[in-house]
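Undergrad: Below you will find the structure I want to go over with you.
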Amino acid sequence: GEIIQMESVESAMDVPSRLESDLYGRYRASIEEKWNECDGSLGANNKLQRIGSLVMEPILIGAGGMKFVDPLWQRALIDVARSKRVPVVFDEIASGLYRVGVKSCREILDVDPDIASYAKLLTGGLVPLSVTLATEDVFSTFLGDQKGEALLHGHSYTANPIGCVSALHALDAYHEVLGSNSDQSSSLLLSSLLFDVDRVRALSRYVLVQQSFALGTVLAVTIAPERDGGATGYAAASRTTPLVRAMRDKGVYARPLGNVIYIMASPLTSREECNRLIDILADTIAKFDETEEVA
């Protein structure tokens with residue numbers, strides 16, 4: 001397919017300035033075509049299928065392999081959903097609360113969801129806790145005096161005190177350290193990458209590395225597949241597992257997602273520490289890279 005080159009990460013994440021581009025129009029036309037194919041079609045047992053909501057992980061797809069998505073494509077998808085009065089749900093469990101450099105990915109996409117969920121960094125990763133936010137329209141839909149009017153979803157661990165206290169401390173820490181940037185544009189926030197851009201770029205030059213990318217507090221390195229093809233997806237860990245074990249011997253605990261090695265720092269982690277981590281990763285890859293070249 002066509003390769004689109006951007007000047008920088010910041011320019012790629014500047015969605016408002018890209019909305020008038022030809023690429024946005026092509027994205028939207030393609031999405032509309034696929035949407036119309038699926039919505040109203042016959043599914044299993046000849047039952048009519050309708051699209052009831054749009055649920056997405058904005059910017060960063062976590063469990064899918066730490067993949068970064070073009071935000072312009074996601075914005076086009078949201079715009080199509082909105083044009084059809086379909087509610088939009090942001091799953092920001094992994095990407096929210098400064099994970100990719102902004103408090104919420106809505107700052108990049110420049111659009112508000114109808115529902116959004118947050119966790120992980122909500123407590124600084126210390127204890128389990130999640131929160132779901134909704135617009136007034138959505139909230140009012142499930143507001144009533146009768147049990148049948150409610151959205152009955154909860155469990156005995158809901159709003160646990162330890163989780164709530166941890167969340168308050170984490171949010172206070174983010175505000176204290178990052179709060180001075182909270183009113184600045186997303187492009188300016190994104191320019192404050194924790195991982196050095198030159199070091200990230202250097203990783204991509206190794207024979208073993210297919211691509212390397214960093215955004216906010218996340219570094220993801222995709223290791224090239226075996227020459228004979230081999231397994232794919234989560235099963236493609238034959239090369240990443242030895243790398244992770246070697247890093248563990250150096251005091252860095254990471255885990256592979258298939259053929260992807262990733263490092264997630266805290267928004268409060270220093271750039272010096274992130275550079276130390278990326279140097280360890282580079283040194284580890286270099287040693288395996290020499291073996292690959294000989295082979």
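We name chains A, B, ... following the order of the structure tokens; residues begin at 1 in each chain, and ligands are numbered from 1 as shown.
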Considering only C-alpha atoms, return as a list of chain:residue names whatever protein or nucleic-acid residues lie within 8 Å of Val80 in chain A, sequence-local ones (same chain, fewer than 5 positions apart) excluded.
TA: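 Near Val80 in chain A, the qualifying residues are A:Arg28, A:Ile31, A:Glu32.
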Undergrad: If you count only C-alpha atoms, which residues fall within 12 Å of range 153-161 of chain A, apart from same-chain ones fewer than 2 positions away, as a PyMOL selection string?
TA: chain A and resi 123+127-132+142+147+150-151+163-168
Undergrad: Limited to N, CA, C and O atoms, could you put the picked residues into a file as a PDB file, in the first residue's frame?
TA:
```pdb
ATOM      1  N   THR A 123      -4.036   4.370  39.577  1.00  0.00           N
ATOM      2  CA  THR A 123      -3.440   4.180  40.907  1.00  0.00           C
ATOM      3  C   THR A 123      -1.919   4.088  40.815  1.00  0.00           C
ATOM      4  O   THR A 123      -1.271   3.583  41.734  1.00  0.00           O
ATOM      5  N   VAL A 127      -2.427  -0.797  42.767  1.00  0.00           N
ATOM      6  CA  VAL A 127      -3.517  -1.715  43.101  1.00  0.00           C
ATOM      7  C   VAL A 127      -4.607  -1.590  42.041  1.00  0.00           C
ATOM      8  O   VAL A 127      -4.694  -0.583  41.339  1.00  0.00           O
ATOM      9  N   PRO A 128      -5.477  -2.604  41.909  1.00  0.00           N
ATOM     10  CA  PRO A 128      -6.534  -2.553  40.895  1.00  0.00           C
ATOM     11  C   PRO A 128      -7.604  -1.513  41.228  1.00  0.00           C
ATOM     12  O   PRO A 128      -8.091  -1.455  42.352  1.00  0.00           O
ATOM     13  N   LEU A 129      -7.940  -0.707  40.258  1.00  0.00           N
ATOM     14  CA  LEU A 129      -9.060   0.228  40.362  1.00  0.00           C
ATOM     15  C   LEU A 129      -9.340   0.763  38.968  1.00  0.00           C
ATOM     16  O   LEU A 129      -8.413   1.029  38.203  1.00  0.00           O
ATOM     17  N   SER A 130     -10.601   0.899  38.645  1.00  0.00           N
ATOM     18  CA  SER A 130     -10.968   1.484  37.358  1.00  0.00           C
ATOM     19  C   SER A 130     -12.124   2.448  37.569  1.00  0.00           C
ATOM     20  O   SER A 130     -12.805   2.416  38.598  1.00  0.00           O
ATOM     21  N   VAL A 131     -12.307   3.315  36.591  1.00  0.00           N
ATOM     22  CA  VAL A 131     -13.392   4.285  36.657  1.00  0.00           C
ATOM     23  C   VAL A 131     -13.988   4.449  35.270  1.00  0.00           C
ATOM     24  O   VAL A 131     -13.272   4.363  34.264  1.00  0.00           O
ATOM     25  N   THR A 132     -15.298   4.619  35.205  1.00  0.00           N
ATOM     26  CA  THR A 132     -15.988   4.836  33.937  1.00  0.00           C
ATOM     27  C   THR A 132     -16.677   6.192  33.963  1.00  0.00           C
ATOM     28  O   THR A 132     -17.396   6.502  34.912  1.00  0.00           O
ATOM     29  N   PHE A 142     -29.723   5.671  32.308  1.00  0.00           N
ATOM     30  CA  PHE A 142     -29.763   4.610  33.313  1.00  0.00           C
ATOM     31  C   PHE A 142     -30.073   5.161  34.703  1.00  0.00           C
ATOM     32  O   PHE A 142     -29.769   4.527  35.714  1.00  0.00           O
ATOM     33  N   LYS A 147     -35.368  -0.577  39.787  1.00  0.00           N
ATOM     34  CA  LYS A 147     -34.220  -1.431  39.517  1.00  0.00           C
ATOM     35  C   LYS A 147     -34.088  -1.717  38.025  1.00  0.00           C
ATOM     36  O   LYS A 147     -32.987  -1.804  37.490  1.00  0.00           O
ATOM     37  N   ALA A 150     -31.945   0.689  35.907  1.00  0.00           N
ATOM     38  CA  ALA A 150     -30.524   0.867  36.206  1.00  0.00           C
ATOM     39  C   ALA A 150     -29.639   0.008  35.317  1.00  0.00           C
ATOM     40  O   ALA A 150     -30.078  -0.979  34.733  1.00  0.00           O
ATOM     41  N   LEU A 151     -28.377   0.399  35.215  1.00  0.00           N
ATOM     42  CA  LEU A 151     -27.363  -0.420  34.569  1.00  0.00           C
ATOM     43  C   LEU A 151     -26.696  -1.206  35.691  1.00  0.00           C
ATOM     44  O   LEU A 151     -25.793  -0.717  36.371  1.00  0.00           O
ATOM     45  N   GLY A 163      -7.811   1.249  46.943  1.00  0.00           N
ATOM     46  CA  GLY A 163      -7.683   1.686  45.558  1.00  0.00           C
ATOM     47  C   GLY A 163      -7.977   3.160  45.388  1.00  0.00           C
ATOM     48  O   GLY A 163      -7.260   3.878  44.676  1.00  0.00           O
ATOM     49  N   CYS A 164      -9.016   3.631  46.070  1.00  0.00           N
ATOM     50  CA  CYS A 164      -9.398   5.047  45.956  1.00  0.00           C
ATOM     51  C   CYS A 164      -8.318   5.960  46.525  1.00  0.00           C
ATOM     52  O   CYS A 164      -7.995   7.006  45.945  1.00  0.00           O
ATOM     53  N   VAL A 165      -7.741   5.573  47.673  1.00  0.00           N
ATOM     54  CA  VAL A 165      -6.676   6.389  48.277  1.00  0.00           C
ATOM     55  C   VAL A 165      -5.447   6.403  47.377  1.00  0.00           C
ATOM     56  O   VAL A 165      -4.813   7.445  47.175  1.00  0.00           O
ATOM     57  N   SER A 166      -5.126   5.236  46.803  1.00  0.00           N
ATOM     58  CA  SER A 166      -3.986   5.168  45.886  1.00  0.00           C
ATOM     59  C   SER A 166      -4.214   6.065  44.670  1.00  0.00           C
ATOM     60  O   SER A 166      -3.292   6.745  44.204  1.00  0.00           O
ATOM     61  N   ALA A 167      -5.442   6.068  44.158  1.00  0.00           N
ATOM     62  CA  ALA A 167      -5.771   6.901  43.000  1.00  0.00           C
ATOM     63  C   ALA A 167      -5.628   8.382  43.331  1.00  0.00           C
ATOM     64  O   ALA A 167      -5.107   9.163  42.524  1.00  0.00           O
ATOM     65  N   LEU A 168      -6.085   8.781  44.496  1.00  0.00           N
ATOM     66  CA  LEU A 168      -5.971  10.187  44.895  1.00  0.00           C
ATOM     67  C   LEU A 168      -4.505  10.613  44.964  1.00  0.00           C
ATOM     68  O   LEU A 168      -4.141  11.705  44.507  1.00  0.00           O
TER      69      LEU A 168
END
```
Undergrad: Give me, as a PyMOL selection string, all polymer residues having an atom no more than 6 Å from Cys274 in chain A, counting only C-alpha atoms and skipping those fewer than 3 positions away in the same chain.
TA: chain A and resi 195+271+277
Undergrad: Find the spatial neighbours of Lys67 in chain A, counting only C-alpha atoms, within a cut-off of 12 Å - ignore same-chain residues fewer than 2 positions away - and output them as a PDB file with all heavy atoms, in the first residue's frame.
TA:
```pdb
ATOM      1  N   GLU A  57      -9.658   1.431  21.476  1.00  0.00           N
ATOM      2  CA  GLU A  57      -8.503   1.846  22.262  1.00  0.00           C
ATOM      3  C   GLU A  57      -7.859   2.996  21.492  1.00  0.00           C
ATOM      4  O   GLU A  57      -7.276   2.768  20.427  1.00  0.00           O
ATOM      5  CB  GLU A  57      -7.500   0.711  22.417  1.00  0.00           C
ATOM      6  CG  GLU A  57      -7.900  -0.366  23.401  1.00  0.00           C
ATOM      7  CD  GLU A  57      -6.783  -1.367  23.618  1.00  0.00           C
ATOM      8  OE1 GLU A  57      -6.638  -2.269  22.776  1.00  0.00           O
ATOM      9  OE2 GLU A  57      -6.060  -1.247  24.614  1.00  0.00           O
ATOM     10  N   PRO A  58      -7.969   4.221  21.964  1.00  0.00           N
ATOM     11  CA  PRO A  58      -7.428   5.336  21.184  1.00  0.00           C
ATOM     12  C   PRO A  58      -5.904   5.391  21.201  1.00  0.00           C
ATOM     13  O   PRO A  58      -5.279   5.173  22.232  1.00  0.00           O
ATOM     14  CB  PRO A  58      -8.044   6.562  21.874  1.00  0.00           C
ATOM     15  CG  PRO A  58      -8.355   6.118  23.257  1.00  0.00           C
ATOM     16  CD  PRO A  58      -8.660   4.663  23.176  1.00  0.00           C
ATOM     17  N   ILE A  59      -5.345   5.644  20.057  1.00  0.00           N
ATOM     18  CA  ILE A  59      -3.917   5.870  19.829  1.00  0.00           C
ATOM     19  C   ILE A  59      -3.065   4.615  20.027  1.00  0.00           C
ATOM     20  O   ILE A  59      -2.302   4.220  19.155  1.00  0.00           O
ATOM     21  CB  ILE A  59      -3.362   7.015  20.721  1.00  0.00           C
ATOM     22  CG1 ILE A  59      -4.264   8.245  20.640  1.00  0.00           C
ATOM     23  CG2 ILE A  59      -1.928   7.349  20.296  1.00  0.00           C
ATOM     24  CD1 ILE A  59      -4.470   8.785  19.259  1.00  0.00           C
ATOM     25  N   LEU A  60      -3.191   3.971  21.188  1.00  0.00           N
ATOM     26  CA  LEU A  60      -2.349   2.826  21.509  1.00  0.00           C
ATOM     27  C   LEU A  60      -3.204   1.576  21.721  1.00  0.00           C
ATOM     28  O   LEU A  60      -4.044   1.537  22.617  1.00  0.00           O
ATOM     29  CB  LEU A  60      -1.533   3.099  22.777  1.00  0.00           C
ATOM     30  CG  LEU A  60      -0.729   1.927  23.343  1.00  0.00           C
ATOM     31  CD1 LEU A  60       0.396   1.541  22.383  1.00  0.00           C
ATOM     32  CD2 LEU A  60      -0.155   2.276  24.717  1.00  0.00           C
ATOM     33  N   ILE A  61      -2.999   0.556  20.884  1.00  0.00           N
ATOM     34  CA  ILE A  61      -3.669  -0.725  21.063  1.00  0.00           C
ATOM     35  C   ILE A  61      -2.745  -1.598  21.893  1.00  0.00           C
ATOM     36  O   ILE A  61      -1.693  -2.036  21.411  1.00  0.00           O
ATOM     37  CB  ILE A  61      -3.994  -1.383  19.714  1.00  0.00           C
ATOM     38  CG1 ILE A  61      -4.986  -0.495  18.943  1.00  0.00           C
ATOM     39  CG2 ILE A  61      -4.583  -2.775  19.911  1.00  0.00           C
ATOM     40  CD1 ILE A  61      -5.340  -1.030  17.575  1.00  0.00           C
ATOM     41  N   GLY A  62      -3.114  -1.839  23.142  1.00  0.00           N
ATOM     42  CA  GLY A  62      -2.225  -2.491  24.100  1.00  0.00           C
ATOM     43  C   GLY A  62      -2.060  -3.982  23.887  1.00  0.00           C
ATOM     44  O   GLY A  62      -1.039  -4.452  23.362  1.00  0.00           O
ATOM     45  N   ALA A  63      -3.065  -4.754  24.293  1.00  0.00           N
ATOM     46  CA  ALA A  63      -2.963  -6.209  24.225  1.00  0.00           C
ATOM     47  C   ALA A  63      -2.848  -6.714  22.792  1.00  0.00           C
ATOM     48  O   ALA A  63      -2.441  -7.849  22.564  1.00  0.00           O
ATOM     49  CB  ALA A  63      -4.172  -6.852  24.905  1.00  0.00           C
ATOM     50  N   GLY A  64      -3.188  -5.899  21.821  1.00  0.00           N
ATOM     51  CA  GLY A  64      -3.076  -6.286  20.418  1.00  0.00           C
ATOM     52  C   GLY A  64      -1.660  -6.252  19.894  1.00  0.00           C
ATOM     53  O   GLY A  64      -1.431  -6.491  18.704  1.00  0.00           O
ATOM     54  N   GLY A  65      -0.691  -5.909  20.766  1.00  0.00           N
ATOM     55  CA  GLY A  65       0.703  -5.916  20.347  1.00  0.00           C
ATOM     56  C   GLY A  65       1.388  -4.575  20.443  1.00  0.00           C
ATOM     57  O   GLY A  65       2.377  -4.332  19.751  1.00  0.00           O
ATOM     58  N   VAL A  69      -1.755   3.620  16.419  1.00  0.00           N
ATOM     59  CA  VAL A  69      -2.689   3.787  15.309  1.00  0.00           C
ATOM     60  C   VAL A  69      -2.668   5.252  14.850  1.00  0.00           C
ATOM     61  O   VAL A  69      -2.558   6.159  15.675  1.00  0.00           O
ATOM     62  CB  VAL A  69      -4.123   3.412  15.751  1.00  0.00           C
ATOM     63  CG1 VAL A  69      -5.086   3.467  14.580  1.00  0.00           C
ATOM     64  CG2 VAL A  69      -4.132   2.025  16.386  1.00  0.00           C
ATOM     65  N   ASP A  70      -2.772   5.446  13.547  1.00  0.00           N
ATOM     66  CA  ASP A  70      -2.872   6.811  13.029  1.00  0.00           C
ATOM     67  C   ASP A  70      -4.126   7.463  13.622  1.00  0.00           C
ATOM     68  O   ASP A  70      -5.247   7.013  13.353  1.00  0.00           O
ATOM     69  CB  ASP A  70      -2.967   6.787  11.501  1.00  0.00           C
ATOM     70  CG  ASP A  70      -2.957   8.189  10.897  1.00  0.00           C
ATOM     71  OD1 ASP A  70      -2.990   9.177  11.655  1.00  0.00           O
ATOM     72  OD2 ASP A  70      -2.938   8.286   9.652  1.00  0.00           O
ATOM     73  N   PRO A  71      -3.983   8.514  14.417  1.00  0.00           N
ATOM     74  CA  PRO A  71      -5.153   9.130  15.036  1.00  0.00           C
ATOM     75  C   PRO A  71      -6.128   9.730  14.028  1.00  0.00           C
ATOM     76  O   PRO A  71      -7.310   9.871  14.326  1.00  0.00           O
ATOM     77  CB  PRO A  71      -4.556  10.208  15.947  1.00  0.00           C
ATOM     78  CG  PRO A  71      -3.210  10.497  15.365  1.00  0.00           C
ATOM     79  CD  PRO A  71      -2.730   9.201  14.808  1.00  0.00           C
ATOM     80  N   ALA A  94      -5.327   1.415  29.117  1.00  0.00           N
ATOM     81  CA  ALA A  94      -3.875   1.415  28.940  1.00  0.00           C
ATOM     82  C   ALA A  94      -3.340   2.772  28.502  1.00  0.00           C
ATOM     83  O   ALA A  94      -2.261   3.180  28.920  1.00  0.00           O
ATOM     84  CB  ALA A  94      -3.479   0.347  27.919  1.00  0.00           C
ATOM     85  N   SER A  95      -4.068   3.483  27.648  1.00  0.00           N
ATOM     86  CA  SER A  95      -3.513   4.684  27.012  1.00  0.00           C
ATOM     87  C   SER A  95      -3.819   5.983  27.747  1.00  0.00           C
ATOM     88  O   SER A  95      -3.247   7.024  27.414  1.00  0.00           O
ATOM     89  CB  SER A  95      -4.029   4.788  25.573  1.00  0.00           C
ATOM     90  OG  SER A  95      -5.451   4.877  25.548  1.00  0.00           O
ATOM     91  N   GLN A 211      10.850  -2.693  13.478  1.00  0.00           N
ATOM     92  CA  GLN A 211      10.533  -1.281  13.662  1.00  0.00           C
ATOM     93  C   GLN A 211      10.610  -0.931  15.146  1.00  0.00           C
ATOM     94  O   GLN A 211      10.495  -1.802  16.017  1.00  0.00           O
ATOM     95  CB  GLN A 211       9.140  -0.937  13.128  1.00  0.00           C
ATOM     96  CG  GLN A 211       8.001  -1.601  13.883  1.00  0.00           C
ATOM     97  CD  GLN A 211       6.641  -1.170  13.362  1.00  0.00           C
ATOM     98  OE1 GLN A 211       6.511  -0.654  12.257  1.00  0.00           O
ATOM     99  NE2 GLN A 211       5.616  -1.368  14.161  1.00  0.00           N
ATOM    100  N   SER A 212      10.829   0.338  15.422  1.00  0.00           N
ATOM    101  CA  SER A 212      10.848   0.834  16.802  1.00  0.00           C
ATOM    102  C   SER A 212      10.069   2.138  16.850  1.00  0.00           C
ATOM    103  O   SER A 212      10.119   2.937  15.916  1.00  0.00           O
ATOM    104  CB  SER A 212      12.286   1.040  17.294  1.00  0.00           C
ATOM    105  OG  SER A 212      12.993   1.935  16.445  1.00  0.00           O
ATOM    106  N   PHE A 213       9.354   2.318  17.956  1.00  0.00           N
ATOM    107  CA  PHE A 213       8.504   3.506  18.065  1.00  0.00           C
ATOM    108  C   PHE A 213       8.325   3.854  19.536  1.00  0.00           C
ATOM    109  O   PHE A 213       8.235   2.967  20.385  1.00  0.00           O
ATOM    110  CB  PHE A 213       7.135   3.248  17.428  1.00  0.00           C
ATOM    111  CG  PHE A 213       6.319   4.486  17.207  1.00  0.00           C
ATOM    112  CD1 PHE A 213       6.450   5.224  16.047  1.00  0.00           C
ATOM    113  CD2 PHE A 213       5.420   4.923  18.162  1.00  0.00           C
ATOM    114  CE1 PHE A 213       5.697   6.376  15.825  1.00  0.00           C
ATOM    115  CE2 PHE A 213       4.665   6.072  17.966  1.00  0.00           C
ATOM    116  CZ  PHE A 213       4.808   6.802  16.787  1.00  0.00           C
ATOM    117  N   ALA A 214       8.282   5.134  19.825  1.00  0.00           N
ATOM    118  CA  ALA A 214       8.040   5.586  21.199  1.00  0.00           C
ATOM    119  C   ALA A 214       7.071   6.756  21.175  1.00  0.00           C
ATOM    120  O   ALA A 214       7.111   7.599  20.279  1.00  0.00           O
ATOM    121  CB  ALA A 214       9.343   6.009  21.873  1.00  0.00           C
ATOM    122  N   LEU A 215       6.198   6.776  22.159  1.00  0.00           N
ATOM    123  CA  LEU A 215       5.258   7.878  22.318  1.00  0.00           C
ATOM    124  C   LEU A 215       4.946   8.008  23.799  1.00  0.00           C
ATOM    125  O   LEU A 215       4.549   7.032  24.448  1.00  0.00           O
ATOM    126  CB  LEU A 215       3.975   7.628  21.537  1.00  0.00           C
ATOM    127  CG  LEU A 215       2.943   8.765  21.541  1.00  0.00           C
ATOM    128  CD1 LEU A 215       3.507   9.992  20.823  1.00  0.00           C
ATOM    129  CD2 LEU A 215       1.648   8.324  20.865  1.00  0.00           C
ATOM    130  N   VAL A 218       5.765   5.137  26.464  1.00  0.00           N
ATOM    131  CA  VAL A 218       5.792   3.794  25.883  1.00  0.00           C
ATOM    132  C   VAL A 218       6.872   3.684  24.807  1.00  0.00           C
ATOM    133  O   VAL A 218       6.977   4.525  23.925  1.00  0.00           O
ATOM    134  CB  VAL A 218       4.426   3.434  25.255  1.00  0.00           C
ATOM    135  CG1 VAL A 218       4.456   2.004  24.708  1.00  0.00           C
ATOM    136  CG2 VAL A 218       3.312   3.585  26.269  1.00  0.00           C
ATOM    137  N   LEU A 219       7.648   2.606  24.894  1.00  0.00           N
ATOM    138  CA  LEU A 219       8.599   2.241  23.855  1.00  0.00           C
ATOM    139  C   LEU A 219       8.230   0.849  23.377  1.00  0.00           C
ATOM    140  O   LEU A 219       8.116  -0.077  24.184  1.00  0.00           O
ATOM    141  CB  LEU A 219      10.033   2.243  24.390  1.00  0.00           C
ATOM    142  CG  LEU A 219      11.088   1.613  23.477  1.00  0.00           C
ATOM    143  CD1 LEU A 219      11.289   2.458  22.219  1.00  0.00           C
ATOM    144  CD2 LEU A 219      12.407   1.436  24.219  1.00  0.00           C
ATOM    145  N   ALA A 220       8.024   0.670  22.079  1.00  0.00           N
ATOM    146  CA  ALA A 220       7.685  -0.636  21.514  1.00  0.00           C
ATOM    147  C   ALA A 220       8.657  -0.967  20.389  1.00  0.00           C
ATOM    148  O   ALA A 220       8.865  -0.164  19.481  1.00  0.00           O
ATOM    149  CB  ALA A 220       6.251  -0.644  20.984  1.00  0.00           C
ATOM    150  N   VAL A 221       9.258  -2.150  20.471  1.00  0.00           N
ATOM    151  CA  VAL A 221      10.223  -2.600  19.476  1.00  0.00           C
ATOM    152  C   VAL A 221       9.728  -3.921  18.887  1.00  0.00           C
ATOM    153  O   VAL A 221       9.555  -4.904  19.620  1.00  0.00           O
ATOM    154  CB  VAL A 221      11.622  -2.790  20.087  1.00  0.00           C
ATOM    155  CG1 VAL A 221      12.599  -3.291  19.034  1.00  0.00           C
ATOM    156  CG2 VAL A 221      12.120  -1.478  20.693  1.00  0.00           C
ATOM    157  N   THR A 222       9.491  -3.942  17.591  1.00  0.00           N
ATOM    158  CA  THR A 222       9.025  -5.147  16.906  1.00  0.00           C
ATOM    159  C   THR A 222      10.225  -5.904  16.351  1.00  0.00           C
ATOM    160  O   THR A 222      11.010  -5.361  15.579  1.00  0.00           O
ATOM    161  CB  THR A 222       8.066  -4.795  15.755  1.00  0.00           C
ATOM    162  OG1 THR A 222       6.970  -4.030  16.275  1.00  0.00           O
ATOM    163  CG2 THR A 222       7.525  -6.053  15.100  1.00  0.00           C
ATOM    164  N   LEU A 257       5.111  -9.316  23.897  1.00  0.00           N
ATOM    165  CA  LEU A 257       3.782  -9.569  23.344  1.00  0.00           C
ATOM    166  C   LEU A 257       4.026 -10.131  21.951  1.00  0.00           C
ATOM    167  O   LEU A 257       4.139  -9.392  20.976  1.00  0.00           O
ATOM    168  CB  LEU A 257       2.966  -8.286  23.269  1.00  0.00           C
ATOM    169  CG  LEU A 257       2.287  -7.806  24.552  1.00  0.00           C
ATOM    170  CD1 LEU A 257       1.629  -6.453  24.328  1.00  0.00           C
ATOM    171  CD2 LEU A 257       1.259  -8.825  25.029  1.00  0.00           C
ATOM    172  N   ASN A 259       6.037 -10.976  19.029  1.00  0.00           N
ATOM    173  CA  ASN A 259       7.340 -10.511  18.557  1.00  0.00           C
ATOM    174  C   ASN A 259       7.605  -9.043  18.903  1.00  0.00           C
ATOM    175  O   ASN A 259       8.470  -8.405  18.315  1.00  0.00           O
ATOM    176  CB  ASN A 259       7.461 -10.720  17.044  1.00  0.00           C
ATOM    177  CG  ASN A 259       6.497  -9.852  16.252  1.00  0.00           C
ATOM    178  OD1 ASN A 259       5.395  -9.573  16.711  1.00  0.00           O
ATOM    179  ND2 ASN A 259       6.906  -9.433  15.073  1.00  0.00           N
ATOM    180  N   VAL A 260       6.877  -8.518  19.880  1.00  0.00           N
ATOM    181  CA  VAL A 260       7.061  -7.129  20.317  1.00  0.00           C
ATOM    182  C   VAL A 260       7.593  -7.086  21.749  1.00  0.00           C
ATOM    183  O   VAL A 260       7.040  -7.730  22.646  1.00  0.00           O
ATOM    184  CB  VAL A 260       5.735  -6.330  20.253  1.00  0.00           C
ATOM    185  CG1 VAL A 260       5.935  -4.899  20.773  1.00  0.00           C
ATOM    186  CG2 VAL A 260       5.201  -6.311  18.831  1.00  0.00           C
ATOM    187  N   ILE A 261       8.690  -6.360  21.944  1.00  0.00           N
ATOM    188  CA  ILE A 261       9.195  -6.077  23.287  1.00  0.00           C
ATOM    189  C   ILE A 261       8.822  -4.637  23.600  1.00  0.00           C
ATOM    190  O   ILE A 261       9.036  -3.739  22.778  1.00  0.00           O
ATOM    191  CB  ILE A 261      10.717  -6.236  23.363  1.00  0.00           C
ATOM    192  CG1 ILE A 261      11.109  -7.691  23.116  1.00  0.00           C
ATOM    193  CG2 ILE A 261      11.240  -5.785  24.718  1.00  0.00           C
ATOM    194  CD1 ILE A 261      12.610  -7.914  23.097  1.00  0.00           C
ATOM    195  N   TYR A 262       8.242  -4.419  24.767  1.00  0.00           N
ATOM    196  CA  TYR A 262       7.844  -3.054  25.108  1.00  0.00           C
ATOM    197  C   TYR A 262       8.283  -2.681  26.517  1.00  0.00           C
ATOM    198  O   TYR A 262       8.443  -3.536  27.386  1.00  0.00           O
ATOM    199  CB  TYR A 262       6.339  -2.876  24.958  1.00  0.00           C
ATOM    200  CG  TYR A 262       5.500  -3.590  25.989  1.00  0.00           C
ATOM    201  CD1 TYR A 262       5.054  -2.928  27.141  1.00  0.00           C
ATOM    202  CD2 TYR A 262       5.147  -4.930  25.827  1.00  0.00           C
ATOM    203  CE1 TYR A 262       4.287  -3.581  28.085  1.00  0.00           C
ATOM    204  CE2 TYR A 262       4.373  -5.582  26.769  1.00  0.00           C
ATOM    205  CZ  TYR A 262       3.947  -4.902  27.897  1.00  0.00           C
ATOM    206  OH  TYR A 262       3.191  -5.544  28.837  1.00  0.00           O
TER     207      TYR A 262
END
```
Undergrad: From the DSSP assignment of the backbone, select every residue of range 204-285 of chain A that is strand (DSSP E), and format the answer as number ranges by chain.
TA: A: 209-215, 218-223, 256-257, 260-264
Undergrad: Go through A:Leu77, A:Val102, A:Ala134, A:Leu243 one by one, measure the shortest atom-to-atom distance of each to Tyr27 in chain A using only C-alpha atoms, and give the residue with the smallest value.
TA: A:Leu77
Undergrad: I need the residue nearest Asp137 in chain A from this list: A:Leu48, A:Met66, A:Ile115, A:Leu121. Use only C-alpha atoms for the distance.
TA: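 Looking at the shortest contact to Asp137 in chain A, the residue is A:Ile115.
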Undergrad: For the atom pair CA of Arg75 in chain A and CA of Leu109 in chain A, what is the interatomic distance in Å to one decimal place?
TA: 5.9 Å
Undergrad: Suppose you want the space between CA of Pro113 in chain A and CA of Pro87 in chain A; what is it in Å?
TA: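 Distance between the two atoms: 7.8 Å.
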Undergrad: Work out how far CA of Ala12 in chain A is from CA of Arg82 in chain A, in Å to one decimal.
TA: 22.8 Å
